[in-house]
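Q: File follows, upload.txt with compact mmCIF, N, CA and C atoms:
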```txt
# COMPACT_ATOMS: atom_id res chain seq x y z
N MET H 1 -31.78 -12.28 14.19
CA MET H 1 -30.40 -12.56 13.95
C MET H 1 -30.24 -13.09 12.51
N THR H 2 -29.13 -12.83 11.89
CA THR H 2 -28.86 -13.26 10.52
C THR H 2 -28.59 -14.76 10.48
N GLU H 3 -29.26 -15.45 9.54
CA GLU H 3 -29.05 -16.89 9.41
C GLU H 3 -27.79 -17.14 8.60
N ILE H 4 -26.98 -18.09 9.08
CA ILE H 4 -25.70 -18.40 8.45
C ILE H 4 -25.65 -19.89 8.15
N THR H 5 -25.02 -20.22 7.04
CA THR H 5 -24.80 -21.62 6.66
C THR H 5 -23.38 -21.73 6.11
N ASN H 6 -23.00 -22.92 5.74
CA ASN H 6 -21.66 -23.14 5.18
C ASN H 6 -21.77 -23.39 3.68
N CYS H 7 -20.80 -22.88 2.93
CA CYS H 7 -20.73 -23.12 1.49
C CYS H 7 -20.50 -24.61 1.26
N PRO H 8 -21.26 -25.24 0.34
CA PRO H 8 -21.07 -26.67 0.09
C PRO H 8 -19.73 -26.99 -0.60
N ASP H 9 -19.07 -25.98 -1.17
CA ASP H 9 -17.82 -26.21 -1.88
C ASP H 9 -16.60 -25.96 -0.99
N CYS H 10 -16.51 -24.75 -0.39
CA CYS H 10 -15.30 -24.41 0.38
C CYS H 10 -15.54 -24.45 1.89
N ASN H 11 -16.78 -24.66 2.33
CA ASN H 11 -17.15 -24.79 3.73
C ASN H 11 -16.96 -23.50 4.54
N GLU H 12 -16.83 -22.35 3.88
CA GLU H 12 -16.75 -21.07 4.57
C GLU H 12 -18.16 -20.65 4.98
N ARG H 13 -18.26 -19.82 6.01
CA ARG H 13 -19.57 -19.36 6.47
C ARG H 13 -20.09 -18.28 5.53
N ILE H 14 -21.36 -18.43 5.12
CA ILE H 14 -22.02 -17.47 4.22
C ILE H 14 -23.45 -17.25 4.72
N LEU H 15 -24.09 -16.21 4.20
CA LEU H 15 -25.49 -15.98 4.52
C LEU H 15 -26.34 -17.09 3.92
N ALA H 16 -27.39 -17.50 4.64
CA ALA H 16 -28.26 -18.57 4.15
C ALA H 16 -29.00 -18.16 2.90
N SER H 17 -29.19 -16.86 2.67
CA SER H 17 -29.92 -16.39 1.49
C SER H 17 -29.01 -16.14 0.29
N ALA H 18 -27.71 -16.43 0.41
CA ALA H 18 -26.75 -16.14 -0.66
C ALA H 18 -26.99 -17.03 -1.88
N LYS H 19 -26.77 -16.46 -3.07
CA LYS H 19 -26.87 -17.22 -4.31
C LYS H 19 -25.49 -17.70 -4.76
N PHE H 20 -24.44 -16.96 -4.37
CA PHE H 20 -23.06 -17.30 -4.69
C PHE H 20 -22.22 -17.18 -3.41
N CYS H 21 -21.19 -17.99 -3.30
CA CYS H 21 -20.27 -17.90 -2.17
C CYS H 21 -19.33 -16.72 -2.41
N GLN H 22 -19.19 -15.85 -1.43
CA GLN H 22 -18.31 -14.70 -1.57
C GLN H 22 -16.84 -15.08 -1.47
N HIS H 23 -16.54 -16.30 -1.01
CA HIS H 23 -15.16 -16.74 -0.84
C HIS H 23 -14.62 -17.47 -2.08
N CYS H 24 -15.43 -18.41 -2.61
CA CYS H 24 -14.93 -19.21 -3.74
C CYS H 24 -15.71 -18.98 -5.03
N GLY H 25 -16.84 -18.26 -4.96
CA GLY H 25 -17.63 -17.98 -6.15
C GLY H 25 -18.58 -19.10 -6.55
N CYS H 26 -18.67 -20.13 -5.75
CA CYS H 26 -19.54 -21.27 -6.04
C CYS H 26 -21.01 -20.83 -6.10
N HIS H 27 -21.74 -21.34 -7.10
CA HIS H 27 -23.17 -21.09 -7.21
C HIS H 27 -23.87 -21.93 -6.16
N ILE H 28 -24.67 -21.31 -5.32
CA ILE H 28 -25.30 -22.01 -4.19
C ILE H 28 -26.67 -22.49 -4.61
N VAL H 29 -26.86 -23.81 -4.56
CA VAL H 29 -28.16 -24.42 -4.82
C VAL H 29 -28.40 -25.42 -3.70
N PHE H 30 -29.46 -25.20 -2.94
CA PHE H 30 -29.77 -26.10 -1.85
C PHE H 30 -30.96 -26.96 -2.26
N ASP H 31 -30.78 -28.29 -2.23
CA ASP H 31 -31.87 -29.21 -2.54
C ASP H 31 -32.87 -29.23 -1.39
N GLN H 32 -32.36 -29.03 -0.20
CA GLN H 32 -33.20 -28.97 0.97
C GLN H 32 -32.90 -27.66 1.68
N PRO H 33 -33.76 -27.23 2.54
CA PRO H 33 -33.47 -25.97 3.25
C PRO H 33 -32.13 -26.09 3.98
N PRO H 34 -31.31 -25.03 3.92
CA PRO H 34 -29.99 -25.10 4.56
C PRO H 34 -30.09 -25.22 6.08
N GLU H 35 -29.10 -25.86 6.65
CA GLU H 35 -29.03 -25.98 8.10
C GLU H 35 -28.81 -24.59 8.67
N LYS H 36 -29.63 -24.20 9.61
CA LYS H 36 -29.57 -22.84 10.14
C LYS H 36 -28.60 -22.78 11.33
N HIS H 37 -27.73 -21.79 11.30
CA HIS H 37 -26.78 -21.55 12.37
C HIS H 37 -26.84 -20.08 12.75
N THR H 38 -26.55 -19.80 13.97
CA THR H 38 -26.35 -18.42 14.38
C THR H 38 -24.89 -18.27 14.77
N GLU H 39 -24.44 -17.06 14.97
CA GLU H 39 -23.04 -16.81 15.36
C GLU H 39 -22.71 -17.55 16.65
N ALA H 40 -23.65 -17.60 17.60
CA ALA H 40 -23.39 -18.24 18.89
C ALA H 40 -23.26 -19.75 18.73
N ASP H 41 -23.98 -20.36 17.77
CA ASP H 41 -23.91 -21.81 17.58
C ASP H 41 -22.57 -22.26 17.02
N SER H 42 -21.87 -21.41 16.30
CA SER H 42 -20.65 -21.84 15.62
C SER H 42 -19.41 -21.77 16.51
N TYR H 43 -19.55 -21.37 17.78
CA TYR H 43 -18.40 -21.27 18.67
C TYR H 43 -17.99 -22.65 19.14
N ALA H 44 -16.70 -22.95 19.00
CA ALA H 44 -16.13 -24.18 19.55
C ALA H 44 -14.98 -23.78 20.45
N PRO H 45 -14.92 -24.30 21.66
CA PRO H 45 -13.83 -23.90 22.55
C PRO H 45 -12.48 -24.33 22.00
N PRO H 46 -11.44 -23.52 22.19
CA PRO H 46 -10.13 -23.89 21.67
C PRO H 46 -9.57 -25.09 22.41
N LYS H 47 -8.76 -25.86 21.69
CA LYS H 47 -8.10 -27.00 22.32
C LYS H 47 -6.87 -26.51 23.06
N VAL H 48 -6.68 -27.01 24.25
CA VAL H 48 -5.54 -26.60 25.06
C VAL H 48 -4.76 -27.83 25.51
N ALA H 49 -3.49 -27.63 25.82
CA ALA H 49 -2.67 -28.71 26.34
C ALA H 49 -2.99 -28.88 27.82
N ALA H 50 -3.19 -30.13 28.24
CA ALA H 50 -3.55 -30.40 29.63
C ALA H 50 -2.63 -31.46 30.22
N CYS H 51 -2.44 -31.38 31.52
CA CYS H 51 -1.60 -32.33 32.25
C CYS H 51 -2.25 -33.71 32.19
N GLN H 52 -1.45 -34.76 31.97
CA GLN H 52 -1.98 -36.11 31.91
C GLN H 52 -2.38 -36.62 33.28
N SER H 53 -1.77 -36.10 34.33
CA SER H 53 -2.05 -36.57 35.68
C SER H 53 -3.26 -35.88 36.30
N CYS H 54 -3.26 -34.53 36.28
CA CYS H 54 -4.30 -33.80 37.00
C CYS H 54 -5.25 -33.01 36.10
N ASN H 55 -5.10 -33.09 34.77
CA ASN H 55 -5.99 -32.48 33.79
C ASN H 55 -6.13 -30.97 33.98
N VAL H 56 -5.01 -30.30 34.29
CA VAL H 56 -4.96 -28.85 34.44
C VAL H 56 -4.26 -28.30 33.20
N ALA H 57 -4.70 -27.13 32.71
CA ALA H 57 -4.08 -26.52 31.53
C ALA H 57 -2.60 -26.23 31.81
N LEU H 58 -1.75 -26.61 30.85
CA LEU H 58 -0.31 -26.41 31.00
C LEU H 58 0.09 -24.99 30.63
N ILE H 59 1.21 -24.54 31.18
CA ILE H 59 1.77 -23.23 30.84
C ILE H 59 3.13 -23.46 30.21
N SER H 60 3.52 -22.56 29.31
CA SER H 60 4.83 -22.69 28.68
C SER H 60 5.86 -21.94 29.51
N THR H 61 7.06 -22.51 29.58
CA THR H 61 8.14 -21.90 30.34
C THR H 61 9.46 -22.18 29.65
N GLN H 62 10.47 -21.36 29.93
CA GLN H 62 11.80 -21.53 29.36
C GLN H 62 12.63 -22.39 30.30
N LYS H 63 13.40 -23.32 29.73
CA LYS H 63 14.23 -24.21 30.51
C LYS H 63 15.60 -24.29 29.87
N ASP H 64 16.65 -24.35 30.69
CA ASP H 64 18.01 -24.46 30.16
C ASP H 64 18.21 -25.83 29.53
N LYS H 65 18.90 -25.85 28.38
CA LYS H 65 19.28 -27.10 27.76
C LYS H 65 20.55 -27.61 28.43
N SER H 66 20.73 -28.91 28.51
CA SER H 66 21.96 -29.44 29.08
C SER H 66 23.12 -29.29 28.09
N PHE H 67 22.81 -29.29 26.79
CA PHE H 67 23.83 -29.13 25.76
C PHE H 67 23.19 -28.42 24.58
N SER H 68 23.92 -27.45 24.02
CA SER H 68 23.43 -26.80 22.81
C SER H 68 24.59 -26.66 21.83
N PHE H 69 24.28 -26.76 20.58
CA PHE H 69 25.30 -26.63 19.54
C PHE H 69 25.91 -25.23 19.58
N GLY H 70 25.09 -24.21 19.83
CA GLY H 70 25.61 -22.85 19.93
C GLY H 70 26.61 -22.69 21.06
N GLY H 71 26.33 -23.34 22.20
CA GLY H 71 27.25 -23.29 23.33
C GLY H 71 28.58 -23.96 23.01
N PHE H 72 28.51 -25.08 22.29
CA PHE H 72 29.73 -25.79 21.91
C PHE H 72 30.57 -24.96 20.95
N VAL H 73 29.93 -24.39 19.93
CA VAL H 73 30.65 -23.55 18.96
C VAL H 73 31.21 -22.31 19.65
N GLY H 74 30.45 -21.73 20.58
CA GLY H 74 30.93 -20.58 21.33
C GLY H 74 32.17 -20.90 22.15
N ALA H 75 32.18 -22.05 22.81
CA ALA H 75 33.33 -22.45 23.62
C ALA H 75 34.56 -22.65 22.75
N ILE H 76 34.40 -23.29 21.60
CA ILE H 76 35.52 -23.51 20.68
C ILE H 76 36.05 -22.16 20.18
N THR H 77 35.13 -21.23 19.87
CA THR H 77 35.55 -19.91 19.38
C THR H 77 36.33 -19.14 20.45
N VAL H 78 35.91 -19.25 21.71
CA VAL H 78 36.64 -18.59 22.80
C VAL H 78 38.04 -19.17 22.93
N VAL H 79 38.17 -20.49 22.84
CA VAL H 79 39.49 -21.13 22.94
C VAL H 79 40.39 -20.67 21.79
N ILE H 80 39.85 -20.62 20.60
CA ILE H 80 40.63 -20.13 19.45
C ILE H 80 41.00 -18.66 19.66
N GLY H 81 40.07 -17.87 20.22
CA GLY H 81 40.35 -16.47 20.51
C GLY H 81 41.47 -16.30 21.53
N LEU H 82 41.49 -17.15 22.55
CA LEU H 82 42.57 -17.11 23.54
C LEU H 82 43.92 -17.44 22.89
N PHE H 83 43.91 -18.42 22.01
CA PHE H 83 45.14 -18.77 21.30
C PHE H 83 45.56 -17.63 20.36
N ALA H 84 44.57 -16.98 19.71
CA ALA H 84 44.88 -15.89 18.78
C ALA H 84 45.42 -14.66 19.50
N LEU H 85 45.14 -14.52 20.81
CA LEU H 85 45.68 -13.39 21.57
C LEU H 85 47.21 -13.37 21.56
N LEU H 86 47.81 -14.53 21.42
CA LEU H 86 49.27 -14.62 21.39
C LEU H 86 49.85 -13.93 20.17
N PHE H 87 49.09 -13.91 19.07
CA PHE H 87 49.60 -13.38 17.80
C PHE H 87 49.05 -11.99 17.47
N ASN H 88 47.76 -11.78 17.76
CA ASN H 88 47.12 -10.51 17.40
C ASN H 88 46.04 -10.23 18.45
N VAL H 89 46.21 -9.18 19.21
CA VAL H 89 45.30 -8.87 20.31
C VAL H 89 43.89 -8.55 19.80
N ILE H 90 43.79 -7.80 18.72
CA ILE H 90 42.48 -7.40 18.20
C ILE H 90 41.70 -8.62 17.70
N VAL H 91 42.33 -9.47 16.90
CA VAL H 91 41.67 -10.67 16.39
C VAL H 91 41.27 -11.58 17.53
N GLY H 92 42.15 -11.74 18.51
CA GLY H 92 41.84 -12.58 19.67
C GLY H 92 40.66 -12.05 20.45
N ALA H 93 40.63 -10.73 20.68
CA ALA H 93 39.53 -10.12 21.43
C ALA H 93 38.21 -10.26 20.68
N VAL H 94 38.24 -10.07 19.37
CA VAL H 94 37.02 -10.21 18.55
C VAL H 94 36.52 -11.64 18.61
N LEU H 95 37.41 -12.61 18.51
CA LEU H 95 36.99 -14.02 18.57
C LEU H 95 36.42 -14.38 19.94
N ILE H 96 37.00 -13.86 20.99
CA ILE H 96 36.47 -14.13 22.33
C ILE H 96 35.07 -13.55 22.49
N ILE H 97 34.89 -12.31 22.06
CA ILE H 97 33.56 -11.68 22.15
C ILE H 97 32.55 -12.44 21.29
N LEU H 98 32.96 -12.81 20.07
CA LEU H 98 32.08 -13.59 19.19
C LEU H 98 31.72 -14.93 19.83
N GLY H 99 32.67 -15.58 20.47
CA GLY H 99 32.40 -16.85 21.14
C GLY H 99 31.41 -16.72 22.27
N ILE H 100 31.52 -15.63 23.02
CA ILE H 100 30.57 -15.40 24.12
C ILE H 100 29.17 -15.17 23.58
N VAL H 101 29.06 -14.38 22.51
CA VAL H 101 27.74 -14.11 21.92
C VAL H 101 27.14 -15.38 21.34
N VAL H 102 27.91 -16.14 20.57
CA VAL H 102 27.41 -17.37 19.96
C VAL H 102 27.06 -18.39 21.04
N GLY H 103 27.84 -18.46 22.10
CA GLY H 103 27.57 -19.40 23.18
C GLY H 103 26.31 -19.12 23.95
N SER H 104 25.90 -17.86 23.98
CA SER H 104 24.69 -17.52 24.73
C SER H 104 23.41 -17.72 23.92
N VAL H 105 23.52 -17.97 22.63
CA VAL H 105 22.36 -18.16 21.77
C VAL H 105 21.94 -19.63 21.78
N GLY H 106 20.67 -19.89 21.91
CA GLY H 106 20.15 -21.24 21.77
C GLY H 106 20.32 -22.13 22.97
N ASN H 107 20.51 -21.57 24.16
CA ASN H 107 20.68 -22.44 25.32
C ASN H 107 19.40 -22.61 26.13
N LYS H 108 18.28 -22.17 25.59
CA LYS H 108 16.99 -22.33 26.27
C LYS H 108 16.03 -23.08 25.35
N LYS H 109 15.11 -23.81 25.96
CA LYS H 109 14.06 -24.46 25.19
C LYS H 109 12.73 -24.19 25.89
N THR H 110 11.66 -24.17 25.11
CA THR H 110 10.33 -23.93 25.66
C THR H 110 9.67 -25.27 25.92
N VAL H 111 9.18 -25.46 27.14
CA VAL H 111 8.50 -26.69 27.52
C VAL H 111 7.15 -26.34 28.13
N MET H 112 6.23 -27.28 28.07
CA MET H 112 4.92 -27.12 28.69
C MET H 112 4.96 -27.81 30.05
N VAL H 113 4.58 -27.08 31.11
CA VAL H 113 4.67 -27.58 32.47
C VAL H 113 3.33 -27.39 33.17
N CYS H 114 2.95 -28.38 33.97
CA CYS H 114 1.72 -28.28 34.77
C CYS H 114 1.99 -27.38 35.97
N PRO H 115 1.15 -26.35 36.19
CA PRO H 115 1.37 -25.48 37.34
C PRO H 115 1.05 -26.16 38.67
N SER H 116 0.27 -27.25 38.65
CA SER H 116 -0.09 -27.94 39.89
C SER H 116 0.99 -28.92 40.35
N CYS H 117 1.35 -29.86 39.46
CA CYS H 117 2.26 -30.93 39.87
C CYS H 117 3.67 -30.76 39.31
N GLY H 118 3.89 -29.84 38.36
CA GLY H 118 5.23 -29.61 37.81
C GLY H 118 5.65 -30.60 36.74
N GLU H 119 4.75 -31.51 36.35
CA GLU H 119 5.08 -32.51 35.34
C GLU H 119 5.18 -31.87 33.95
N GLU H 120 6.19 -32.30 33.19
CA GLU H 120 6.33 -31.81 31.81
C GLU H 120 5.56 -32.72 30.87
N GLY H 121 5.15 -32.15 29.74
CA GLY H 121 4.47 -32.95 28.74
C GLY H 121 3.12 -32.35 28.41
N ALA H 122 2.52 -32.85 27.34
CA ALA H 122 1.25 -32.28 26.91
C ALA H 122 0.31 -33.34 26.39
N ARG H 123 -0.96 -33.09 26.61
CA ARG H 123 -2.04 -33.87 26.02
C ARG H 123 -3.07 -32.84 25.60
N ILE H 124 -3.50 -32.89 24.34
CA ILE H 124 -4.48 -31.92 23.87
C ILE H 124 -5.86 -32.33 24.37
N ALA H 125 -6.48 -31.42 25.12
CA ALA H 125 -7.80 -31.73 25.70
C ALA H 125 -8.88 -30.98 24.95
```
Do you think you could lay out the structure here as structure tokens?
A:
Amino acid sequence: MTEITNCPDCNERILASAKFCQHCGCHIVFDQPPEKHTEADSYAPPKVAACQSCNVALISTQKDKSFSFGGFVGAITVVIGLFALLFNVIVGAVLIILGIVVGSVGNKKTVMVCPSCGEEGARIA
């Protein structure tokens, strides 16, 4: 297997026999033999969010917001559109449609939930 070490300047993985780092161009001089690594040694498991109560990996899910700025602006636009219907049907209809579209944007948020106990929140494990 090919021996791998880290560049002393940029810490990128390079061949142990390299004279220069292919990433930063640093001249490689080892005072002592380089620490030997293989591809399998350099694997570190990814950090995941875990439930604080039962230590189970959390899943992300969409949840309705109780209030959103988009919903508020959409409701105001619909009311203005209803008022505008009295003067101009086309402008009123456009404002009502615009209010519905704006009101439907941004009313969800992504939260991390434990599939076992249903608790929200995250702890990086």
Q: Take atom C of Ala57 (chain H) and CA of Lys108 (chain H) and report the distance between them in Å, one decimal.
A: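 That distance, rounded to one decimal, is 20.7 Å.
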Q: Grab the atom C of Val73 (chain H) to atom N of Met112 (chain H) distance for me, in Å with one decimal place.
A: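 Result for atom C of Val73 (chain H) versus atom N of Met112 (chain H): 26.8 Å, one decimal.
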Q: For the alpha helix (DSSP H) assignment from backbone DSSP, which residues of region 8-106 of chain H qualify? Please present them as a VMD selection string.
A: chain H and resid 69 to 84 89 to 104
Q: Identify, with DSSP run on backbone atoms, the residues in chain H assigned to strand (DSSP E or B), and express the list as a ChimeraX atom specification.
A: /H:4-6,13-15,20,27,37,49-50,57,59-64,108-113,120,123-124
Q: Store the residues of this selection in a file with N, CA and C atoms, as a PDB file, keeping the file's coordinate frame.
A:
```pdb
ATOM      1  N   ILE H   4     -26.980 -18.090   9.080  1.00  0.00           N
ATOM      2  CA  ILE H   4     -25.700 -18.400   8.450  1.00  0.00           C
ATOM      3  C   ILE H   4     -25.650 -19.890   8.150  1.00  0.00           C
ATOM      4  N   THR H   5     -25.020 -20.220   7.040  1.00  0.00           N
ATOM      5  CA  THR H   5     -24.800 -21.620   6.660  1.00  0.00           C
ATOM      6  C   THR H   5     -23.380 -21.730   6.110  1.00  0.00           C
ATOM      7  N   ASN H   6     -23.000 -22.920   5.740  1.00  0.00           N
ATOM      8  CA  ASN H   6     -21.660 -23.140   5.180  1.00  0.00           C
ATOM      9  C   ASN H   6     -21.770 -23.390   3.680  1.00  0.00           C
ATOM     10  N   ARG H  13     -18.260 -19.820   6.010  1.00  0.00           N
ATOM     11  CA  ARG H  13     -19.570 -19.360   6.470  1.00  0.00           C
ATOM     12  C   ARG H  13     -20.090 -18.280   5.530  1.00  0.00           C
ATOM     13  N   ILE H  14     -21.360 -18.430   5.120  1.00  0.00           N
ATOM     14  CA  ILE H  14     -22.020 -17.470   4.220  1.00  0.00           C
ATOM     15  C   ILE H  14     -23.450 -17.250   4.720  1.00  0.00           C
ATOM     16  N   LEU H  15     -24.090 -16.210   4.200  1.00  0.00           N
ATOM     17  CA  LEU H  15     -25.490 -15.980   4.520  1.00  0.00           C
ATOM     18  C   LEU H  15     -26.340 -17.090   3.920  1.00  0.00           C
ATOM     19  N   PHE H  20     -24.440 -16.960  -4.370  1.00  0.00           N
ATOM     20  CA  PHE H  20     -23.060 -17.300  -4.690  1.00  0.00           C
ATOM     21  C   PHE H  20     -22.220 -17.180  -3.410  1.00  0.00           C
ATOM     22  N   HIS H  27     -21.740 -21.340  -7.100  1.00  0.00           N
ATOM     23  CA  HIS H  27     -23.170 -21.090  -7.210  1.00  0.00           C
ATOM     24  C   HIS H  27     -23.870 -21.930  -6.160  1.00  0.00           C
ATOM     25  N   HIS H  37     -27.730 -21.790  11.300  1.00  0.00           N
ATOM     26  CA  HIS H  37     -26.780 -21.550  12.370  1.00  0.00           C
ATOM     27  C   HIS H  37     -26.840 -20.080  12.750  1.00  0.00           C
ATOM     28  N   ALA H  49      -3.490 -27.630  25.820  1.00  0.00           N
ATOM     29  CA  ALA H  49      -2.670 -28.710  26.340  1.00  0.00           C
ATOM     30  C   ALA H  49      -2.990 -28.880  27.820  1.00  0.00           C
ATOM     31  N   ALA H  50      -3.190 -30.130  28.240  1.00  0.00           N
ATOM     32  CA  ALA H  50      -3.550 -30.400  29.630  1.00  0.00           C
ATOM     33  C   ALA H  50      -2.630 -31.460  30.220  1.00  0.00           C
ATOM     34  N   ALA H  57      -4.700 -27.130  32.710  1.00  0.00           N
ATOM     35  CA  ALA H  57      -4.080 -26.520  31.530  1.00  0.00           C
ATOM     36  C   ALA H  57      -2.600 -26.230  31.810  1.00  0.00           C
ATOM     37  N   ILE H  59       1.210 -24.540  31.180  1.00  0.00           N
ATOM     38  CA  ILE H  59       1.770 -23.230  30.840  1.00  0.00           C
ATOM     39  C   ILE H  59       3.130 -23.460  30.210  1.00  0.00           C
ATOM     40  N   SER H  60       3.520 -22.560  29.310  1.00  0.00           N
ATOM     41  CA  SER H  60       4.830 -22.690  28.680  1.00  0.00           C
ATOM     42  C   SER H  60       5.860 -21.940  29.510  1.00  0.00           C
ATOM     43  N   THR H  61       7.060 -22.510  29.580  1.00  0.00           N
ATOM     44  CA  THR H  61       8.140 -21.900  30.340  1.00  0.00           C
ATOM     45  C   THR H  61       9.460 -22.180  29.650  1.00  0.00           C
ATOM     46  N   GLN H  62      10.470 -21.360  29.930  1.00  0.00           N
ATOM     47  CA  GLN H  62      11.800 -21.530  29.360  1.00  0.00           C
ATOM     48  C   GLN H  62      12.630 -22.390  30.300  1.00  0.00           C
ATOM     49  N   LYS H  63      13.400 -23.320  29.730  1.00  0.00           N
ATOM     50  CA  LYS H  63      14.230 -24.210  30.510  1.00  0.00           C
ATOM     51  C   LYS H  63      15.600 -24.290  29.870  1.00  0.00           C
ATOM     52  N   ASP H  64      16.650 -24.350  30.690  1.00  0.00           N
ATOM     53  CA  ASP H  64      18.010 -24.460  30.160  1.00  0.00           C
ATOM     54  C   ASP H  64      18.210 -25.830  29.530  1.00  0.00           C
ATOM     55  N   LYS H 108      18.280 -22.170  25.590  1.00  0.00           N
ATOM     56  CA  LYS H 108      16.990 -22.330  26.270  1.00  0.00           C
ATOM     57  C   LYS H 108      16.030 -23.080  25.350  1.00  0.00           C
ATOM     58  N   LYS H 109      15.110 -23.810  25.960  1.00  0.00           N
ATOM     59  CA  LYS H 109      14.060 -24.460  25.190  1.00  0.00           C
ATOM     60  C   LYS H 109      12.730 -24.190  25.890  1.00  0.00           C
ATOM     61  N   THR H 110      11.660 -24.170  25.110  1.00  0.00           N
ATOM     62  CA  THR H 110      10.330 -23.930  25.660  1.00  0.00           C
ATOM     63  C   THR H 110       9.670 -25.270  25.920  1.00  0.00           C
ATOM     64  N   VAL H 111       9.180 -25.460  27.140  1.00  0.00           N
ATOM     65  CA  VAL H 111       8.500 -26.690  27.520  1.00  0.00           C
ATOM     66  C   VAL H 111       7.150 -26.340  28.130  1.00  0.00           C
ATOM     67  N   MET H 112       6.230 -27.280  28.070  1.00  0.00           N
ATOM     68  CA  MET H 112       4.920 -27.120  28.690  1.00  0.00           C
ATOM     69  C   MET H 112       4.960 -27.810  30.050  1.00  0.00           C
ATOM     70  N   VAL H 113       4.580 -27.080  31.110  1.00  0.00           N
ATOM     71  CA  VAL H 113       4.670 -27.580  32.470  1.00  0.00           C
ATOM     72  C   VAL H 113       3.330 -27.390  33.170  1.00  0.00           C
ATOM     73  N   GLU H 120       6.190 -32.300  33.190  1.00  0.00           N
ATOM     74  CA  GLU H 120       6.330 -31.810  31.810  1.00  0.00           C
ATOM     75  C   GLU H 120       5.560 -32.720  30.870  1.00  0.00           C
ATOM     76  N   ARG H 123      -0.960 -33.090  26.610  1.00  0.00           N
ATOM     77  CA  ARG H 123      -2.040 -33.870  26.020  1.00  0.00           C
ATOM     78  C   ARG H 123      -3.070 -32.840  25.600  1.00  0.00           C
ATOM     79  N   ILE H 124      -3.500 -32.890  24.340  1.00  0.00           N
ATOM     80  CA  ILE H 124      -4.480 -31.920  23.870  1.00  0.00           C
ATOM     81  C   ILE H 124      -5.860 -32.330  24.370  1.00  0.00           C
TER      82      ILE H 124
END
```
Q: Which residues are close to Val113 (chain H), i.e. within 5 Å by all atoms listed in the file, leaving aside same-chain residues fewer than 4 positions away? Reply as a ChimeraX atom specification.
A: /H:58-60,119-120
